[in-house]
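Chemist: Questions regarding the structure given below will be posed in turn.
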Amino acid sequence: MIFYFQLKTNMSKPLLNNLNGNRRGLFKHFLDSFSGNPRIAWYPSGGEDFRALMYLNTEFSRLEPSKGEEPAAPDLFLYTDYFPWTFSRFLKTPILYQDERTTIEIMDMERLPNLNLPLHEELVHFPEGGDFNDQALFMLVRVQSSVLGEFVRPVLYVFAENETFYAEKMRRFRAQISHIIHVRYGGGYGGGGNSAGAWLLHVLKDLRCELFITDGHHHWQNGDDFALTLCPEIPREANVELKCIRQINGRRWSEHGDVSWNLVG
């Protein structure tokens, strides 16, 4: 079996340029720093979980080697979440997370043009959205970890439905996404939505995904059916092979089952 990361060249700039619009600020400076295309890790329904920045880090890979060749780390983390929770303190302070071993904080941030994407009652519990509805933010996020050291990662946070963002943005601009993270995906928990993210398995090849990180909850829900209606180009069969190269106990990430790193073939 030959896996995609050995074959494909990433082409992410058209999508990112569209999201930047005519802005000439922090995000444009980031995009201009690449002569090619940034490798993107997409975390749909990421919420306030920034563990991905640590678990997709070269130092973590060194400390916990994979069982086989692991794709290169991403250059950009893309979060999508419609985020209806008005009681959250998310982005009301630069500190995104802090405990005795880890501090994750925003160093700089830029608001990008609005997305003009709808919310669908077939997908979300609160179609009126939340305080950040339809916004996109680019952030430079610093991680200080007693285990992994200190590093800065660029994060693009899009406040939109995962399924609609895929259909209206990713597929439209033929985006290529090197990593996809499926951990505690919506599925109706706490107002998240009506999809469990099983539909993601059907678009791994379309996005040229190299590494699929998942907690294994791939049960089909009504929202997954609607994703196929929203974007009829999504294949009705997943037709992918996943090869596990690393697994960690769910207590270390989401308390929602063991999380595995899988090459996509």
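We name chains A, B, ... following the order of the structure tokens; residues begin at 1 in each chain, and ligands are numbered from 1 as shown.
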Identify, with DSSP run on backbone atoms, the residues in stretch 51-164 of chain A assigned to alpha helix (DSSP H), and express the list as a list in words.

Modeler: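 The alpha helix (DSSP H) subset of stretch 51-164 of chain A is Ala52, Leu53, Met54, Tyr55, Thr58, Glu59, Phe60, Ser61, Arg62, Leu63, Asn162, Glu163 and Thr164 of chain A.
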
Chemist: Once you have the residues from the selection above, write them out as a PDB file, in the first residue's frame, restricted to N, CA and C atoms.

Modeler:
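Result file result.pdb:
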```
ATOM      1  N   ALA A  52      -3.969  19.714  20.041  1.00  0.00           N
ATOM      2  CA  ALA A  52      -3.429  19.360  18.725  1.00  0.00           C
ATOM      3  C   ALA A  52      -2.101  20.042  18.452  1.00  0.00           C
ATOM      4  N   LEU A  53      -1.916  21.244  18.965  1.00  0.00           N
ATOM      5  CA  LEU A  53      -0.660  21.957  18.743  1.00  0.00           C
ATOM      6  C   LEU A  53       0.504  21.223  19.381  1.00  0.00           C
ATOM      7  N   MET A  54       0.235  20.504  20.466  1.00  0.00           N
ATOM      8  CA  MET A  54       1.285  19.764  21.155  1.00  0.00           C
ATOM      9  C   MET A  54       1.480  18.374  20.572  1.00  0.00           C
ATOM     10  N   TYR A  55       0.371  17.723  20.200  1.00  0.00           N
ATOM     11  CA  TYR A  55       0.458  16.348  19.704  1.00  0.00           C
ATOM     12  C   TYR A  55       0.897  16.270  18.242  1.00  0.00           C
ATOM     13  N   THR A  58       7.017  18.186  16.526  1.00  0.00           N
ATOM     14  CA  THR A  58       8.158  17.294  16.281  1.00  0.00           C
ATOM     15  C   THR A  58       8.762  16.758  17.580  1.00  0.00           C
ATOM     16  N   GLU A  59       8.721  17.543  18.649  1.00  0.00           N
ATOM     17  CA  GLU A  59       9.272  17.072  19.921  1.00  0.00           C
ATOM     18  C   GLU A  59       8.412  15.948  20.497  1.00  0.00           C
ATOM     19  N   PHE A  60       7.087  16.063  20.371  1.00  0.00           N
ATOM     20  CA  PHE A  60       6.217  14.969  20.803  1.00  0.00           C
ATOM     21  C   PHE A  60       6.513  13.706  19.991  1.00  0.00           C
ATOM     22  N   SER A  61       6.690  13.854  18.680  1.00  0.00           N
ATOM     23  CA  SER A  61       6.999  12.702  17.835  1.00  0.00           C
ATOM     24  C   SER A  61       8.326  12.070  18.217  1.00  0.00           C
ATOM     25  N   ARG A  62       9.277  12.883  18.654  1.00  0.00           N
ATOM     26  CA  ARG A  62      10.567  12.347  19.089  1.00  0.00           C
ATOM     27  C   ARG A  62      10.419  11.569  20.393  1.00  0.00           C
ATOM     28  N   LEU A  63       9.611  12.104  21.305  1.00  0.00           N
ATOM     29  CA  LEU A  63       9.442  11.458  22.606  1.00  0.00           C
ATOM     30  C   LEU A  63       8.586  10.191  22.511  1.00  0.00           C
ATOM     31  N   ASN A 162     -18.640  22.749  10.158  1.00  0.00           N
ATOM     32  CA  ASN A 162     -17.598  21.981   9.481  1.00  0.00           C
ATOM     33  C   ASN A 162     -18.033  21.569   8.079  1.00  0.00           C
ATOM     34  N   GLU A 163     -19.254  21.053   7.979  1.00  0.00           N
ATOM     35  CA  GLU A 163     -19.751  20.510   6.723  1.00  0.00           C
ATOM     36  C   GLU A 163     -19.904  21.603   5.664  1.00  0.00           C
ATOM     37  N   THR A 164     -20.434  22.757   6.081  1.00  0.00           N
ATOM     38  CA  THR A 164     -20.612  23.856   5.141  1.00  0.00           C
ATOM     39  C   THR A 164     -19.276  24.436   4.717  1.00  0.00           C
TER      40      THR A 164
END
```

Chemist: Could you list, as an MDAnalysis selection string, every residue within 10 Å of A:Tyr166, counting only C-alpha atoms and ignoring same-chain residues fewer than 2 positions away?

Modeler: chainID A and resid 44 80 160:164 168:175 200 203 207 227 230:231

Chemist: Please compute the atom CA of A:Ser12-atom CA of A:Arg24 distance, one decimal, in Å.

Modeler: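 Interatomic distance, atom CA of A:Ser12 to atom CA of A:Arg24: 18.4 Å.
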
Chemist: May I ask which of the residues A:Phe151, A:Tyr157, A:Trp220, A:Phe83 is the closest one to A:Phe138, counting only C-alpha atoms?

Modeler: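 With only C-alpha atoms as the atom set, the closest residue is A:Tyr157.
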
Chemist: Can you tell me, as a PyMOL selection string, which residues in stretch 66-116 of chain A count as strand (DSSP E) by DSSP?

Modeler: chain A and resi 76-80+95-98+102-112

Chemist: Could you dump the residues just selected with C-alpha atoms as a CSV table (one decimal), in the first residue's frame?

Modeler:
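This went into result03.csv:
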```
chain,number,residue,atom,x,y,z
A,76,LEU,CA,-0.9,25.9,10.0
A,77,PHE,CA,-3.7,24.7,12.3
A,78,LEU,CA,-7.2,25.3,10.9
A,79,TYR,CA,-10.0,25.1,13.4
A,80,THR,CA,-13.7,25.1,12.4
A,95,ILE,CA,-4.8,32.7,27.9
A,96,LEU,CA,-6.3,29.8,26.0
A,97,TYR,CA,-5.3,27.1,28.6
A,98,GLN,CA,-3.2,26.9,31.7
A,102,THR,CA,1.3,24.0,30.3
A,103,THR,CA,0.4,27.5,29.2
A,104,ILE,CA,-1.2,28.2,25.9
A,105,GLU,CA,-1.7,31.9,25.0
A,106,ILE,CA,-2.4,34.2,22.1
A,107,MET,CA,0.6,36.4,21.2
A,108,ASP,CA,-1.1,38.3,18.3
A,109,MET,CA,-4.4,38.1,16.5
A,110,GLU,CA,-6.1,39.5,13.3
A,111,ARG,CA,-9.8,39.4,12.4
A,112,LEU,CA,-10.3,38.4,8.8
```

Chemist: Residues at most 9 Å from stretch 236-251 of chain A, counting only C-alpha atoms, excluding those fewer than 4 positions away in the same chain, as a ChimeraX atom specification?

Modeler: /A:1,64-70,199-205,211-212,215,228,232,255-265

Chemist: Suppose we keep C-alpha atoms; can you now write the selection as a PDB file, in the first residue's frame?

Modeler:
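Result written to again.pdb:
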```
ATOM      1  CA  MET A   1       0.000   0.000   0.000  1.00  0.00           C
ATOM      2  CA  GLU A  64       6.755   9.027  21.425  1.00  0.00           C
ATOM      3  CA  PRO A  65       7.944   7.641  18.078  1.00  0.00           C
ATOM      4  CA  SER A  66       5.424   6.350  15.578  1.00  0.00           C
ATOM      5  CA  LYS A  67       5.327   2.758  14.304  1.00  0.00           C
ATOM      6  CA  GLY A  68       6.420   3.667  10.817  1.00  0.00           C
ATOM      7  CA  GLU A  69       7.102   6.799   8.807  1.00  0.00           C
ATOM      8  CA  GLU A  70       5.122   9.801  10.027  1.00  0.00           C
ATOM      9  CA  TRP A 199     -18.670  11.774   6.840  1.00  0.00           C
ATOM     10  CA  LEU A 200     -15.026  12.846   7.215  1.00  0.00           C
ATOM     11  CA  LEU A 201     -13.936   9.326   6.302  1.00  0.00           C
ATOM     12  CA  HIS A 202     -15.572   9.914   2.916  1.00  0.00           C
ATOM     13  CA  VAL A 203     -13.531  13.037   2.103  1.00  0.00           C
ATOM     14  CA  LEU A 204     -10.056  11.969   3.244  1.00  0.00           C
ATOM     15  CA  LYS A 205      -9.029  11.149  -0.322  1.00  0.00           C
ATOM     16  CA  LEU A 211      -2.732  11.512   8.608  1.00  0.00           C
ATOM     17  CA  PHE A 212      -6.143  10.998  10.255  1.00  0.00           C
ATOM     18  CA  ASP A 215     -10.969   8.774  18.787  1.00  0.00           C
ATOM     19  CA  LEU A 228     -23.884  14.201   1.771  1.00  0.00           C
ATOM     20  CA  PRO A 232     -23.479  15.624  -3.362  1.00  0.00           C
ATOM     21  CA  GLU A 255     -11.713  11.265  27.778  1.00  0.00           C
ATOM     22  CA  HIS A 256     -13.680   9.976  24.798  1.00  0.00           C
ATOM     23  CA  GLY A 257     -11.774   6.856  23.833  1.00  0.00           C
ATOM     24  CA  ASP A 258      -8.204   6.060  22.814  1.00  0.00           C
ATOM     25  CA  VAL A 259      -6.862   8.363  20.108  1.00  0.00           C
ATOM     26  CA  SER A 260      -4.967   6.895  17.161  1.00  0.00           C
ATOM     27  CA  TRP A 261      -2.730   8.394  14.459  1.00  0.00           C
ATOM     28  CA  ASN A 262      -3.531   6.744  11.104  1.00  0.00           C
ATOM     29  CA  LEU A 263      -1.855   6.955   7.725  1.00  0.00           C
ATOM     30  CA  VAL A 264      -4.466   7.293   4.976  1.00  0.00           C
ATOM     31  CA  GLY A 265      -4.204   4.956   2.037  1.00  0.00           C
TER      32      GLY A 265
END
```

Chemist: So which residues touch A:Asn116 within 7 Å, counting only C-alpha atoms, skipping near sequence neighbours fewer than 2 positions away, as a PyMOL selection string?

Modeler: chain A and resi 114+118+134

Chemist: Based on the selection just made, write N, CA and C atoms of those residues as a CSV table (one decimal), in the first residue's frame.

Modeler:
```csv
chain,number,residue,atom,x,y,z
A,114,ASN,N,-15.6,38.5,7.1
A,114,ASN,CA,-16.6,37.5,7.4
A,114,ASN,C,-16.8,36.5,6.3
A,118,PRO,N,-23.9,30.0,5.7
A,118,PRO,CA,-25.1,29.8,6.5
A,118,PRO,C,-24.9,28.8,7.6
A,134,ASP,N,-19.8,33.4,12.0
A,134,ASP,CA,-19.4,33.8,10.7
A,134,ASP,C,-18.1,34.5,10.6
```

Chemist: Would you kindly return, as a list in words, each protein, DNA or RNA residue with an atom no farther than 12 Å from any atom of A:Glu100, considering only C-alpha atoms and excluding same-chain residues fewer than 4 positions away?

Modeler: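 Here the answer would be Ile104, Gln144, Ser145, Ser146 and Val147 of chain A.
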
Chemist: Create the file for the chosen residues now, containing C-alpha atoms and written as a PDB file, in the first residue's frame.

Modeler:
```pdb
ATOM      1  CA  ILE A 104      -1.166  28.233  25.855  1.00  0.00           C
ATOM      2  CA  GLN A 144       4.972  26.727  26.992  1.00  0.00           C
ATOM      3  CA  SER A 145       5.226  23.125  28.122  1.00  0.00           C
ATOM      4  CA  SER A 146       7.439  21.583  30.797  1.00  0.00           C
ATOM      5  CA  VAL A 147       7.650  18.482  28.570  1.00  0.00           C
TER       6      VAL A 147
END
```

Chemist: For A:Asn222, please output as a list in words all residues within 12 Å (counting only C-alpha atoms; exclusion window: fewer than 3 positions along the same chain).

Modeler: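 Answer for this query is Glu121, Glu122, Leu123, Val124, Gly187, Gly188, Gly193, Asn194, Ser195, Ala196, Gly197, Ala198, Trp199, His219, Asp225, Phe226, Ala227, Leu228 and Thr229 of chain A.
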